[in-house]
file my_file14.txt (compact mmCIF, C-alpha atoms)
# COMPACT_ATOMS: atom_id res chain seq x y z
CA MET M 1 -1.83 24.02 -39.76
CA TYR M 2 -3.48 20.73 -38.86
CA LEU M 3 -6.22 21.10 -36.24
CA ASN M 4 -8.98 18.77 -35.08
CA LEU M 5 -11.00 21.10 -32.85
CA LEU M 6 -13.35 18.38 -31.58
CA GLY M 7 -10.39 16.20 -30.68
CA VAL M 8 -8.69 19.06 -28.82
CA LEU M 9 -11.84 19.85 -26.82
CA THR M 10 -12.45 16.17 -26.03
CA GLY M 11 -8.83 15.56 -25.05
CA SER M 12 -8.76 18.69 -22.90
CA SER M 13 -11.92 17.68 -21.08
CA LEU M 14 -10.59 14.18 -20.47
CA THR M 15 -7.23 15.57 -19.28
CA ILE M 16 -8.95 17.82 -16.76
CA ILE M 17 -11.04 14.92 -15.50
CA GLY M 18 -7.96 12.70 -15.30
CA GLY M 19 -6.02 15.40 -13.43
CA ILE M 20 -8.80 15.87 -10.85
CA LEU M 21 -9.08 12.11 -10.32
CA THR M 22 -5.30 11.80 -10.01
CA ILE M 23 -5.21 14.44 -7.26
CA LYS M 24 -8.05 12.69 -5.42
CA ALA M 25 -6.31 9.32 -5.77
CA PHE M 26 -3.04 10.76 -4.44
CA ASN M 27 -4.81 12.27 -1.42
CA TYR M 28 -6.48 8.92 -0.65
CA TYR M 29 -3.12 7.17 -1.00
CA LYS M 30 -1.53 9.50 1.59
CA GLU M 31 -4.37 9.25 4.11
CA LEU M 32 -5.49 5.61 3.98
CA HIS M 33 -3.99 2.49 5.59
CA GLU M 34 -4.02 -1.04 4.23
CA PRO M 35 -5.94 -2.49 2.50
CA GLY M 36 -7.36 0.85 1.34
CA LYS M 37 -3.88 2.18 0.58
CA SER M 38 -3.28 -0.56 -2.00
CA LEU M 39 -6.59 0.23 -3.67
CA ALA M 40 -5.73 3.95 -3.72
CA ARG M 41 -2.35 3.10 -5.29
CA THR M 42 -4.06 1.12 -8.02
CA PHE M 43 -6.53 3.95 -8.61
CA LEU M 44 -3.64 6.45 -8.82
CA VAL M 45 -1.81 4.42 -11.47
CA SER M 46 -5.02 4.03 -13.44
CA THR M 47 -5.80 7.77 -13.42
CA LEU M 48 -2.23 8.62 -14.44
CA LEU M 49 -2.48 6.30 -17.44
CA PHE M 50 -5.87 7.80 -18.28
CA THR M 51 -4.41 11.33 -18.11
CA ILE M 52 -1.43 10.42 -20.30
CA GLY M 53 -3.78 8.91 -22.87
CA SER M 54 -5.90 12.09 -22.81
CA ILE M 55 -2.83 14.28 -23.37
CA ALA M 56 -1.97 12.06 -26.32
CA VAL M 57 -5.47 12.78 -27.75
CA ILE M 58 -4.73 16.53 -27.61
CA ALA M 59 -1.33 16.06 -29.27
CA ASP M 60 -2.89 13.81 -31.91
CA SER M 61 -5.51 16.49 -32.65
CA LEU M 62 -2.94 19.28 -33.03
CA THR M 63 -0.53 17.48 -35.34
CA ALA M 64 -0.66 15.16 -38.28
CA ILE M 65 1.34 12.58 -36.30
CA GLN M 66 -0.73 9.50 -35.49
CA LEU M 67 -0.60 8.78 -31.77
CA TRP M 68 -3.52 6.38 -31.55
CA GLU M 69 -1.21 3.52 -30.45
CA ILE M 70 -0.21 5.46 -27.32
CA GLU M 71 -3.86 6.34 -26.63
CA LEU M 72 -4.92 2.72 -27.06
CA ILE M 73 -2.18 1.38 -24.79
CA CYS M 74 -2.80 3.95 -22.03
CA TYR M 75 -6.58 3.61 -22.00
CA THR M 76 -6.41 -0.20 -22.17
CA LEU M 77 -3.90 -0.45 -19.32
CA SER M 78 -5.93 2.02 -17.27
CA TYR M 79 -9.08 -0.04 -17.77
CA LEU M 80 -7.39 -3.38 -17.05
CA HIS M 81 -5.75 -1.98 -13.93
CA VAL M 82 -9.13 -0.99 -12.52
CA VAL M 83 -10.85 -4.24 -13.51
CA LEU M 84 -8.16 -6.46 -11.99
CA SER M 85 -8.19 -4.37 -8.81
CA VAL M 86 -11.99 -4.72 -8.53
CA ILE M 87 -11.70 -8.50 -8.93
CA TYR M 88 -8.97 -8.60 -6.26
CA TYR M 89 -11.02 -6.68 -3.70
CA LEU M 90 -14.21 -8.58 -4.48
CA ARG M 91 -12.35 -11.72 -3.46
CA ILE M 92 -11.27 -10.02 -0.23
CA LEU M 93 -14.86 -8.96 0.47
CA LYS M 94 -15.99 -12.51 -0.12
CA LEU M 95 -13.35 -13.69 2.33
CA GLU M 96 -14.54 -11.13 4.88
CA SER M 97 -18.11 -12.35 4.38
CA GLN M 98 -16.98 -15.90 5.09
CA LYS M 99 -15.17 -14.63 8.18
CA THR M 100 -18.37 -13.00 9.44
CA LYS M 101 -20.16 -16.33 9.16
CA ILE M 102 -17.34 -17.94 11.10
CA GLY M 103 -17.74 -15.26 13.79
CA ASN M 104 -21.25 -16.53 14.50
CA LEU M 105 -19.93 -19.95 15.50
CA SER M 106 -19.01 -21.01 19.01
CA LYS M 107 -15.40 -20.67 20.18
CA LYS M 108 -14.86 -24.41 19.76
CA GLU M 109 -16.12 -24.33 16.17
CA ARG M 110 -14.40 -21.09 15.24
CA LYS M 111 -11.10 -21.28 13.36
CA ALA M 112 -8.69 -18.33 13.20
CA THR M 113 -7.41 -17.34 9.78
CA LEU M 114 -4.13 -15.72 10.92
CA PRO M 115 -1.87 -16.87 8.05
CA ILE M 116 1.53 -15.86 9.48
CA SER M 117 3.43 -16.20 12.73
CA GLY M 118 6.53 -14.53 14.11
CA VAL M 119 7.81 -11.56 16.09
CA TYR M 120 7.97 -8.06 14.66
CA VAL M 121 9.19 -4.63 15.75
CA PHE M 122 7.13 -1.56 14.88
CA LYS M 123 8.84 1.83 14.97
CA LYS M 124 5.47 3.54 14.92
CA PRO M 125 2.51 2.64 17.16
CA PRO M 126 -0.25 0.65 15.43
CA THR M 127 -3.53 2.26 14.47
CA PRO M 128 -6.95 1.21 15.81
CA LYS M 129 -7.67 -0.30 12.38
CA GLY M 130 -4.47 -2.35 12.52
CA LEU M 131 -5.19 -3.85 15.93
CA THR M 132 -8.84 -4.45 15.03
CA PHE M 133 -7.61 -6.33 11.98
CA LEU M 134 -5.48 -8.60 14.19
CA VAL M 135 -8.42 -9.26 16.50
CA ARG M 136 -10.61 -10.21 13.54
CA HIS M 137 -8.11 -12.68 12.10
CA SER M 138 -6.70 -14.29 15.26
CA ASN M 139 -7.92 -16.34 18.19
CA GLY M 140 -7.51 -13.36 20.48
CA LEU M 141 -5.43 -10.30 21.35
CA LEU M 142 -3.28 -9.84 24.46
CA ALA M 143 -2.23 -6.22 24.98
CA ILE M 144 0.64 -5.32 27.32
CA SER M 145 1.14 -1.63 28.00
CA ARG M 146 2.32 1.00 30.42
CA THR M 147 -1.01 2.77 29.82
CA LYS M 148 -4.02 1.90 31.99
CA LYS M 149 -6.61 -0.36 30.38
CA GLU M 150 -9.39 2.24 30.16
CA LEU M 151 -7.16 4.82 28.45
CA TRP M 152 -5.63 2.20 26.14
CA ALA M 153 -9.05 0.88 25.08
CA ARG M 154 -10.25 4.42 24.43
CA LYS M 155 -7.17 5.18 22.32
CA TYR M 156 -7.39 2.06 20.14
CA GLN M 157 -11.19 1.74 20.24
CA ILE M 158 -11.07 -2.01 20.92
CA LYS M 159 -11.38 -4.32 23.88
CA PRO M 160 -8.54 -6.89 23.95
CA ASP M 161 -9.23 -10.44 25.12
CA LYS M 162 -6.69 -9.87 27.89
CA PHE M 163 -4.86 -6.77 29.07
CA VAL M 164 -1.77 -6.33 31.23
CA TRP M 165 -0.90 -2.98 32.78
CA LEU M 166 2.81 -2.70 33.57
CA SER M 167 2.67 -1.11 37.01
CA ARG M 168 3.80 -1.67 40.58
CA ILE M 169 0.33 -0.73 41.75
CA GLU M 170 -1.60 -3.91 42.50
CA THR M 171 -4.82 -4.24 40.48
CA ASN M 172 -6.59 -7.07 38.67
CA ASP M 173 -4.95 -6.13 35.37
CA SER M 174 -1.50 -5.01 36.57
CA THR M 175 1.81 -6.86 36.69
CA ASP M 176 4.96 -5.73 38.46
CA PRO M 177 7.54 -4.90 35.72
CA SER M 178 10.33 -6.35 37.87
CA LYS M 179 8.70 -9.80 37.78
CA LEU M 180 9.50 -10.96 34.27
CA HIS M 181 8.72 -14.58 35.12
CA VAL M 182 5.15 -13.61 36.07
CA LEU M 183 4.69 -11.68 32.82
CA GLN M 184 6.08 -14.58 30.84
CA ASP M 185 3.67 -16.99 32.53
CA ILE M 186 0.72 -14.73 31.65
CA ILE M 187 1.72 -14.67 27.98
CA LEU M 188 2.27 -18.44 27.81
CA ARG M 189 -1.04 -19.21 29.49
CA PHE M 190 -2.84 -16.87 27.10
CA LEU M 191 -1.31 -18.61 24.07
CA GLN M 192 -2.22 -22.03 25.46
CA GLU M 193 -5.78 -21.04 26.35
CA LYS M 194 -6.36 -19.66 22.86
CA GLY M 195 -4.95 -22.77 21.20
CA GLY M 196 -2.43 -20.83 19.13
CA LYS M 197 -2.96 -18.35 16.28
CA ALA M 198 -3.22 -15.55 18.83
CA ALA M 199 -1.82 -12.00 18.69
CA VAL M 200 0.24 -10.23 21.35
CA TYR M 201 0.89 -6.49 21.25
CA PHE M 202 3.65 -5.29 23.58
CA GLU M 203 4.56 -1.68 24.38
CA GLY M 204 6.56 -0.30 27.28
CA ILE M 205 9.81 -2.22 27.00
CA GLU M 206 11.66 0.85 28.30
CA TYR M 207 9.68 0.51 31.53
CA LEU M 208 10.85 -3.10 31.94
CA ILE M 209 14.47 -1.98 31.58
CA LEU M 210 14.02 0.48 34.44
CA TYR M 211 13.47 -2.45 36.82
CA ASN M 212 15.60 -5.12 35.09
CA ASP M 213 18.93 -5.11 33.29
CA PHE M 214 18.78 -5.22 29.50
CA THR M 215 20.19 -8.75 29.30
CA SER M 216 17.32 -10.11 31.41
CA VAL M 217 14.73 -8.28 29.31
CA ALA M 218 16.31 -9.55 26.08
CA LYS M 219 16.32 -13.14 27.34
CA PHE M 220 12.68 -12.72 28.37
CA LEU M 221 11.71 -11.50 24.88
CA PHE M 222 13.70 -14.22 23.10
CA SER M 223 12.02 -16.88 25.25
CA ILE M 224 8.60 -15.44 24.38
CA LYS M 225 9.56 -15.52 20.71
CA ASP M 226 10.03 -19.29 20.79
CA TYR M 227 6.57 -19.81 22.29
CA ILE M 228 5.00 -17.40 19.78
CA ILE M 229 6.42 -19.30 16.82
CA SER M 230 5.64 -22.74 18.27
CA THR M 231 1.96 -21.76 18.65
CA ASN M 232 1.71 -20.12 15.19
CA SER M 233 1.00 -16.81 16.87
CA LEU M 234 2.08 -13.23 16.29
CA LEU M 235 3.94 -10.77 18.55
CA ILE M 236 4.29 -7.08 17.78
CA LEU M 237 6.76 -5.09 19.86
CA TYR M 238 6.44 -1.32 19.64
CA LEU M 239 9.92 0.13 19.90
CA SER M 240 10.04 3.87 19.25
CA SER M 241 13.29 5.52 18.16
CA ASN M 242 15.97 6.45 20.72
CA ILE M 243 14.41 4.32 23.47
CA LEU M 244 17.35 1.91 23.56
CA GLU M 245 21.04 2.26 22.92
CA GLN M 246 22.01 1.40 19.35
CA SER M 247 23.84 -1.75 20.44
CA GLN M 248 20.81 -2.92 22.44
CA GLU M 249 18.43 -2.24 19.58
CA SER M 250 20.71 -4.16 17.20
CA ILE M 251 20.55 -7.19 19.49
CA LEU M 252 16.74 -7.16 19.46
CA LEU M 253 16.54 -6.66 15.70
CA LYS M 254 18.61 -9.79 15.16
CA GLU M 255 15.72 -11.79 16.62
CA PHE M 256 12.77 -9.51 15.83
CA GLU M 257 12.03 -8.48 12.25
CA GLN M 258 11.47 -4.74 11.80
CA ASN M 259 8.26 -4.11 9.90
CA SER M 260 5.42 -1.63 9.55
CA GLU M 261 1.71 -2.01 10.10
CA GLU M 262 1.10 -1.27 6.43
CA ASP M 263 3.46 -3.97 5.14
CA LEU M 264 2.38 -6.57 7.70
CA THR M 265 -1.31 -5.99 7.00
CA ARG M 266 -0.68 -6.25 3.26
CA GLU M 267 1.20 -9.54 3.74
CA ILE M 268 -1.65 -10.98 5.82
CA TYR M 269 -4.26 -9.88 3.28
CA GLU M 270 -2.32 -11.38 0.37
CA LYS M 271 -1.91 -14.72 2.15
CA LEU M 272 -5.57 -14.73 3.15
CA LEU M 273 -6.50 -14.16 -0.46
CA VAL M 274 -4.24 -16.99 -1.65
CA SER M 275 -5.77 -19.30 0.96
CA ALA M 276 -9.27 -18.32 -0.14
CA ILE M 277 -8.45 -19.01 -3.80
CA GLU M 278 -6.85 -22.37 -2.94
CA GLY M 279 -9.89 -23.21 -0.81
CA GLU M 280 -12.19 -22.48 -3.74
CA LYS M 281 -10.06 -24.70 -5.99
CA ASP M 282 -10.10 -27.55 -3.46
CA ALA M 283 -13.86 -27.23 -3.03
CA SER M 284 -14.34 -27.23 -6.80
CA SER M 285 -12.15 -30.32 -7.19
CA GLU M 286 -14.08 -32.20 -4.49
CA SER M 287 -17.43 -31.31 -6.07
CA LYS M 288 -16.24 -32.63 -9.43
CA LYS M 289 -15.13 -35.92 -7.84
CA GLU M 290 -18.54 -36.33 -6.25
call {"tool": "encode", "arguments": {"input": "my_file14.txt", "output": "structure tokens"}}
result
Amino acid sequence: MYLNLLGVLTGSSLTIIGGILTIKAFNYYKELHEPGKSLARTFLVSTLLFTIGSIAVIADSLTAIQLWEIELICYTLSYLHVVLSVIYYLRILKLESQKTKIGNLSKKERKATLPISGVYVFKKPPTPKGLTFLVRHSNGLLAISRTKKELWARKYQIKPDKFVWLSRIETNDSTDPSKLHVLQDIILRFLQEKGGKAAVYFEGIEYLILYNDFTSVAKFLFSIKDYIISTNSLLILYLSSNILEQSQESILLKEFEQNSEEDLTREIYEKLLVSAIEGEKDASSESKKE
């Protein structure tokens, strides 16, 4: 019987290590949000390839069959996957470093890097990290909620540039939900004051419908959509399940794209990275001309 004891012991040790790393990578993938989730996914694929290659080492050591091609392919792909991922995130870190420098400039000199615009529906509420991300990459965040400002800020751990509390109680931050024209004016003025590339987070649409018919609320949202797009801004509408009738929800989803925080954040990061790479190319071309 063919047996390479050293190969079996080495392959077994590597398989155990690969299995432990795979479990850790899977746990990170379940718990993290973007961009960490993408990195955890890459790490998971890499550890799986590493583990498969290690199992091939054991099989190779127990039989006369040569499996070195499988080992080579798995280990090489595992290594390349990690290297390319490191390069990808180093570029993102460089972009974040450039953003920090921009943050030290005055408001007139500062330029937002929000690379997309449009209106989106979230079925799940955003996380503090997600809203903080929007603040970092936009000219400002307007939050509209049924929750009072202090409680909202404590929940999301951020201070929006402007906050609107949907309530019939008169305060500095409140707006009567029955006065859609007033709410619309607040949003439009915010977009104009920020010069575009701003973010608006809206929750509490069910409260608006209590004081207005659905048609009026839909027209209000569609009108806001046009201003959002024309100013290259972003609107996120939190719409939990079973809040609206199916027919009403279908009407909104014809104008608002359903998305998730994870996918939207990933899209923004990818476009930021592309912009950073193109900026480096343009800068390199200009330096060569000089």
call {"tool": "atom_distance", "arguments": {"input": "my_file14.txt", "atom1": "CA of Tyr75 in chain M", "atom2": "CA of Glu270 in chain M"}}
result
27.3 Å
call {"tool": "residues_around", "arguments": {"input": "my_file14.txt", "residues": "Ala143 in chain M", "least_positions_apart": "3", "cutoff": "12 Å", "atoms": "only C-alpha atoms", "output": "NGL selection string"}}
result
:M and (126 or 131 or 134-135 or 140 or 146-149 or 152-153 or 156 or 158-166 or 173-174 or 183 or 186-187 or 190 or 198-204 or 234-238)
call {"tool": "atom_distance", "arguments": {"input": "my_file14.txt", "atom1": "CA of Lys197 in chain M", "atom2": "CA of Phe133 in chain M"}}
result
13.6 Å
call {"tool": "closest_residue", "arguments": {"input": "my_file14.txt", "among": "M:Glu31, M:Leu80, M:Ser54, M:Phe220", "to": "Trp68 in chain M", "atoms": "only C-alpha atoms"}}
result
M:Ser54
call {"tool": "residues_around", "arguments": {"input": "my_file14.txt", "residues": "Ser12 in chain M", "least_positions_apart": "3", "cutoff": "9 Å", "atoms": "all atoms listed in the file", "output": "JSON, numbers by chain"}}
result
{"M": [7, 8, 9, 15, 16, 17, 54, 55, 57, 58]}
call {"tool": "closest_residue", "arguments": {"input": "my_file14.txt", "among": "M:Gln248, M:Ser85, M:Thr51, M:Thr10", "to": "Leu39 in chain M", "atoms": "all atoms listed in the file"}}
result
M:Ser85
call {"tool": "atom_distance", "arguments": {"input": "my_file14.txt", "atom1": "CA of Phe122 in chain M", "atom2": "CA of Leu239 in chain M"}}
result
6.0 Å
call {"tool": "residues_near_point", "arguments": {"input": "my_file14.txt", "point": "(10.6, 5.0, 16.8)", "cutoff": "10 Å", "atoms": "all atoms listed in the file", "output": "list in words"}}
result
Val121, Phe122, Lys123, Lys124, Pro125, Tyr238, Leu239, Ser240, Ser241, Asn242 and Ile243 of chain M
call {"tool": "residues_around", "arguments": {"input": "my_file14.txt", "residues": "Leu272 in chain M", "least_positions_apart": "2", "cutoff": "8 Å", "atoms": "all atoms listed in the file", "output": "PDB file with C-alpha atoms, in the frame of the given file"}}
result
ATOM      1  CA  LEU M  95     -13.350 -13.690   2.330  1.00  0.00           C
ATOM      2  CA  THR M 113      -7.410 -17.340   9.780  1.00  0.00           C
ATOM      3  CA  LEU M 114      -4.130 -15.720  10.920  1.00  0.00           C
ATOM      4  CA  PRO M 115      -1.870 -16.870   8.050  1.00  0.00           C
ATOM      5  CA  ILE M 268      -1.650 -10.980   5.820  1.00  0.00           C
ATOM      6  CA  TYR M 269      -4.260  -9.880   3.280  1.00  0.00           C
ATOM      7  CA  GLU M 270      -2.320 -11.380   0.370  1.00  0.00           C
ATOM      8  CA  VAL M 274      -4.240 -16.990  -1.650  1.00  0.00           C
ATOM      9  CA  SER M 275      -5.770 -19.300   0.960  1.00  0.00           C
ATOM     10  CA  ALA M 276      -9.270 -18.320  -0.140  1.00  0.00           C
TER      11      ALA M 276
END
call {"tool": "axis_aligned_box", "arguments": {"input": "my_file14.txt", "around": "range 135-152 of chain M", "padding_each_side": "5 Å", "output": "AutoDock Vina command-line options"}}
result
--center_x -4.1 --center_y -5.8 --center_z 22.0 --size_x 22.9 --size_y 31.2 --size_z 29.9
call {"tool": "closest_atom_pairs", "arguments": {"input": "my_file14.txt", "of": "range 167-208 of chain M", "to": "range 224-230 of chain M", "cutoff": "8 Å", "atoms": "only C-alpha atoms", "output": "CSV"}}
result
residue,atom,partner,partner_atom,distance
M:Gln184,CA,M:Ile224,CA,7.0
M:Ile187,CA,M:Ile224,CA,7.8
M:Leu188,CA,M:Tyr227,CA,7.1
M:Leu191,CA,M:Ile228,CA,7.7
call {"tool": "closest_residue", "arguments": {"input": "my_file14.txt", "among": "M:Tyr120, M:Thr22, M:Leu273, M:Val45", "to": "Lys254 in chain M", "atoms": "only C-alpha atoms"}}
result
M:Tyr120
call {"tool": "closest_residue", "arguments": {"input": "my_file14.txt", "among": "M:Leu77, M:Lys30, M:Thr47, M:Leu3", "to": "Ala59 in chain M", "atoms": "all atoms listed in the file"}}
result
M:Leu3
call {"tool": "closest_residue", "arguments": {"input": "my_file14.txt", "among": "M:Ile209, M:Leu141, M:Leu84, M:Leu5", "to": "Thr42 in chain M", "atoms": "only C-alpha atoms"}}
result
M:Leu84
